[in-house]
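Below is one structure; the comments refer to it alone.
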Amino acid sequence: MSQTTRQTQASANLTMASCASVAPVAVFFSMFSPQTPCCIFQKQNRVTIAQGRIFHLHLLDELPTHAGTLPIHSISMIPYCQIKERGFKAIDGSEPIIALIPETLREMSTAEFLDQIVETPELALVGNLHYNLSDAEYEDVVAQVIEKEIKQGEGSNFLLSRKTSGTLSPAGVPAALTILARFMRNEFGSYMNFCFFDGTTYFVGASPERHLSVFKGEAYLNPISGTLPKAQADFHAALTAFLQDPKEIHELFQVVDEELKMMAKICKRGGEVEGPFLKEMRTLLHTEYLLKGETEMRPLDAFRATMFAPTMIGSPLENACRVICKYERDSRRYYSSAMLILGEDEERAPFLDSAITIRTLEIGADGHFTIQSGGSIVRDSIPKNERIEATTKALGAIKAMRETTATPPILEKTITPLQRRTLMARNDNLSQFWLRKQAHSFEDARLVGKSALIIDNEDDFVYMFAHILEHLGLTVRIEKIAAISLKPEELAEEIIILGPGPGNPENEADERIFRLNRLAENLHVSDKKFMGICFGHQVISRSLGLRLERLDTPLQGVQKEILLFDEKEIVGFYNTFVAVADNPLPSGVCASVSELGEVYALAAPNFRSFQFHPESVLTRNGLEILRGALLELLA
């Protein structure tokens with residue numbers, strides 16, 4: 001398989017090679033009934049079948065980490081509202097964790113499994129499909145999010161969804177197994193196809209995307225973005241345009257940044273980014289990267305720290321959860337969260353695997369089903385197009401469950417060497433720190449042992465920032481602004497870093513922003529060294545008397561070449577507001593300013609600040625920019 005489309009080794013590693021064959025296949029299928037809780041899941045060419053008891057739990061820590069002699073300890077449907085364990089907001093429908101504790105397991109090939117399935121050819125929709133939001137209502141929500149959230153600095157992207165519902169006939173076991181079999185045959189690009197049955201409800205999915213895997217101390221994430229329908233009059237031309245489309249490229253880089261935030265949090269020893277790759281599905285192509293790193297965290301703790309995929313919620317994650325609560329009418333139930341598998345490998349080491357619950361139908365015993373879908377709303381989204389995308393995703397899954405003829409993959413036969421090179425050229429201007437395996441070779445003896453306090457302004461970019469600083473040799477502490485003193489002399493660290501975050505720096509009705517502005521003012525009259533990133537840079541600029549201006553077109557996930565104090569740099573921006581240099585600066589303060597007067601950076605004997613994100617994968621030389629600034633301040 002080519003590098004362009006290769007499957008990750010982690011996917012192969014996480015098959016259940018040691019599953020016990022406790023019952024012949026024929027016996028298993030004779031036991032499969034509307035009263036038997038079970039889960040069937042397929043990864044690559046292997047199918048695992050688990051039967052057992054169902055438990056309804058409230059906390060992740062209630063899941064068993066040791067359960068008898070079987071290699072899988074639990075398979076669970078995790079509700080979206082579980083994100084409240086991280087302190088984030090969610091519309092809570094009181095959905096429990098539905099945990100299946102296996103009592104029997106069997107593994108077989110996909111072909112062997114499909115040979116046992118007698119499909120229901122007459123599977124059909126009864127009546128019309130229904131939506132919880134009309135087309136006009138959904139488009140209005142998208143427009144509001146762009147105008148009232150993204151353009152006001154509340155985040156770079158948000159995923160708003162809507163529900164599609166209908167009724168299938170026949171219902172029950174025949175329908176669930178038929179849909180699963182068709183997903184297995186048709187959805188060859190899925191990360192996991194599955195049917196989870198709790199005795200009442202069937203969850204049948206063809207998830208294209210891994211959430212998190214942990215295997216033998218390595219964690220894996222797969223950020224996916226971009227969608228190219230394969231039904232094109234000229235597929236070659238369409239693929240070339242897709243690979244060169246700046247919007248598609250930047251959206252993928254945004255989700256890479258978002259998942260690097262999670263990776264930096266759970267993989268202190270470092271990791272690397274591989275790709276990009278093309279991921280071929282039955283009717284679509286996506287682009288993806290593989291993120292992998294070494295983790296010392298307990299797998300379940302790593303899962304909690306990464307709930308849930310930013311591609312399914314938005315960025316920054318905490319504020320995106322608030323936005324979803326504000327604009328979505330209903331609980332997401334089990335949409336956009338994960339099906340979670342916990343167990344131990346043949347060496348008794350714990351493992352975790354999880355698939356994002358998208359392209360997943362929730363089907364009742366009477367055949368009534370719902371499927372939820374949405375799209376990532378960004379600064380230049382068109383509401384009608386976003387509505388079409390959300391509808392197409394739902395209808396695509398419904399069509400796939402009724403499709404009796406398998407569609408073969410086409411990419412490997414059609415992609416050209418030039419298109420492969422075009423895809424790989426996306427990495428040319430990305431941060432080499434993140435693309436290669438990180439080691440302690442980045443340490444600078446002049447910075448080893450220095451200490452930094454990073455103010456967490458509700459954006460997990462702070463974990464990427466901390467990761468770089470720790471690799472340079474600093475000792476780092478991360479705290480919310482509410483948890484620290486506003487008197488610099490009471491802060492023990494040698495440098496204070498005002499981190500990025502959502503919001504308008506002038507909105508002092510927000511306690512977080514009020515306190516950050518006071519801290520910036522106090523830092524200026526102290527001997528403490530400090531730094532500001534993005535939102536923190538805007539706060540520092542404001543404290544110096546510079547005017548802030550809202551950009552007509554927010555720079556959310558945008559890479560630009562700028563002149564940074566006489567040096568050309570390629571950097572990544574995530575900002576809606578910008579400081580404007582139309583007032584004189586205090587003595588001793590220098591500014592790096594665009595032709596339009598926008599302040600890219602500030603420098604003074606006791607501080608540095610940057611409007612762009614040095615820690616982002618979009619900033620090519622971010623490590624060296626930070627090393628230079630820290631040496632000037634601390635060495």
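Residues in the structure tokens are named by chain (A, B, ... in the order shown) and by number from 1 within that chain; ligands are numbered from 1 in the order shown.
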Leaving out A:Phe303 and any residue of its chain fewer than 6 positions from it, which residues lie within 10 Å of it when counting only C-alpha atoms, given as number ranges by chain? A: 60, 211-214, 262, 266, 297, 338, 340, 352-354
Export C-alpha atoms of the chosen residues as an mmCIF file, in the first residue's frame?
```cif
data_model
loop_
_atom_site.group_PDB
_atom_site.id
_atom_site.type_symbol
_atom_site.label_atom_id
_atom_site.label_comp_id
_atom_site.auth_asym_id
_atom_site.auth_seq_id
_atom_site.Cartn_x
_atom_site.Cartn_y
_atom_site.Cartn_z
ATOM 1 C CA LEU A 60 -15.317 6.860 33.322
ATOM 2 C CA HIS A 211 -10.548 9.181 18.397
ATOM 3 C CA LEU A 212 -7.622 7.841 20.448
ATOM 4 C CA SER A 213 -5.683 4.594 20.603
ATOM 5 C CA VAL A 214 -3.126 3.667 23.258
ATOM 6 C CA MET A 262 -4.226 16.959 22.977
ATOM 7 C CA ILE A 266 -0.853 13.294 27.106
ATOM 8 C CA MET A 297 -0.663 8.209 31.339
ATOM 9 C CA ALA A 338 -16.799 7.641 21.021
ATOM 10 C CA LEU A 340 -14.504 2.938 23.688
ATOM 11 C CA LEU A 352 -7.403 1.470 24.616
ATOM 12 C CA ASP A 353 -9.054 1.927 21.255
ATOM 13 C CA SER A 354 -11.899 4.252 20.295
#
```
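Excluding stretch 133-136 of chain A and any residue on its chain fewer than 2 positions from it, the residues at most 7 Å away by only C-alpha atoms are Tyr131, Tyr138, Glu139, Asp140, Arg162 and Arg387 of chain A.
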Write a file of the just-selected residues containing C-alpha atoms, as a PDB file, in the first residue's frame.
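Result saved to again-v6.pdb:
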```pdb
ATOM      1  CA  TYR A 131     -35.143  16.946  10.669  1.00  0.00           C
ATOM      2  CA  TYR A 138     -29.990  25.363  10.123  1.00  0.00           C
ATOM      3  CA  GLU A 139     -28.664  27.969   7.689  1.00  0.00           C
ATOM      4  CA  ASP A 140     -29.711  30.714  10.124  1.00  0.00           C
ATOM      5  CA  ARG A 162     -28.737  18.567  13.091  1.00  0.00           C
ATOM      6  CA  ARG A 387     -26.470  22.781   5.268  1.00  0.00           C
TER       7      ARG A 387
END
```
Could you state the separation of atom CA of A:Thr104 and atom CA of A:Ile72 in Å, given to one decimal place?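 So the two atoms, atom CA of A:Thr104 and atom CA of A:Ile72, lie 9.8 Å apart.
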Just asking: which residues within stretch 367-536 of chain A are alpha helix (DSSP H) according to DSSP, as a PyMOL selection string? chain A and resi 383-402+411-414+417-424+432-435+461-472+511-524+535-536
Contact check, stretch 166-258 of chain A to stretch 416-440 of chain A, at most 10 Å, counting only C-alpha atoms, closest pairs as a Markdown table:
```
| residue | atom | partner | partner_atom | distance |
| --- | --- | --- | --- | --- |
| A:His236 | CA | A:Thr416 | CA | 8.7 |
| A:Leu239 | CA | A:Gln419 | CA | 8.0 |
| A:Thr240 | CA | A:Gln419 | CA | 6.5 |
| A:Ala241 | CA | A:Gln419 | CA | 9.9 |
| A:Phe242 | CA | A:Leu423 | CA | 9.8 |
| A:Leu243 | CA | A:Leu423 | CA | 6.1 |
| A:Gln244 | CA | A:Thr422 | CA | 7.4 |
| A:Ile249 | CA | A:Arg426 | CA | 7.6 |
| A:His250 | CA | A:Arg426 | CA | 9.8 |
| A:Phe253 | CA | A:Leu430 | CA | 9.1 |
| A:Asp257 | CA | A:Trp434 | CA | 9.9 |
```
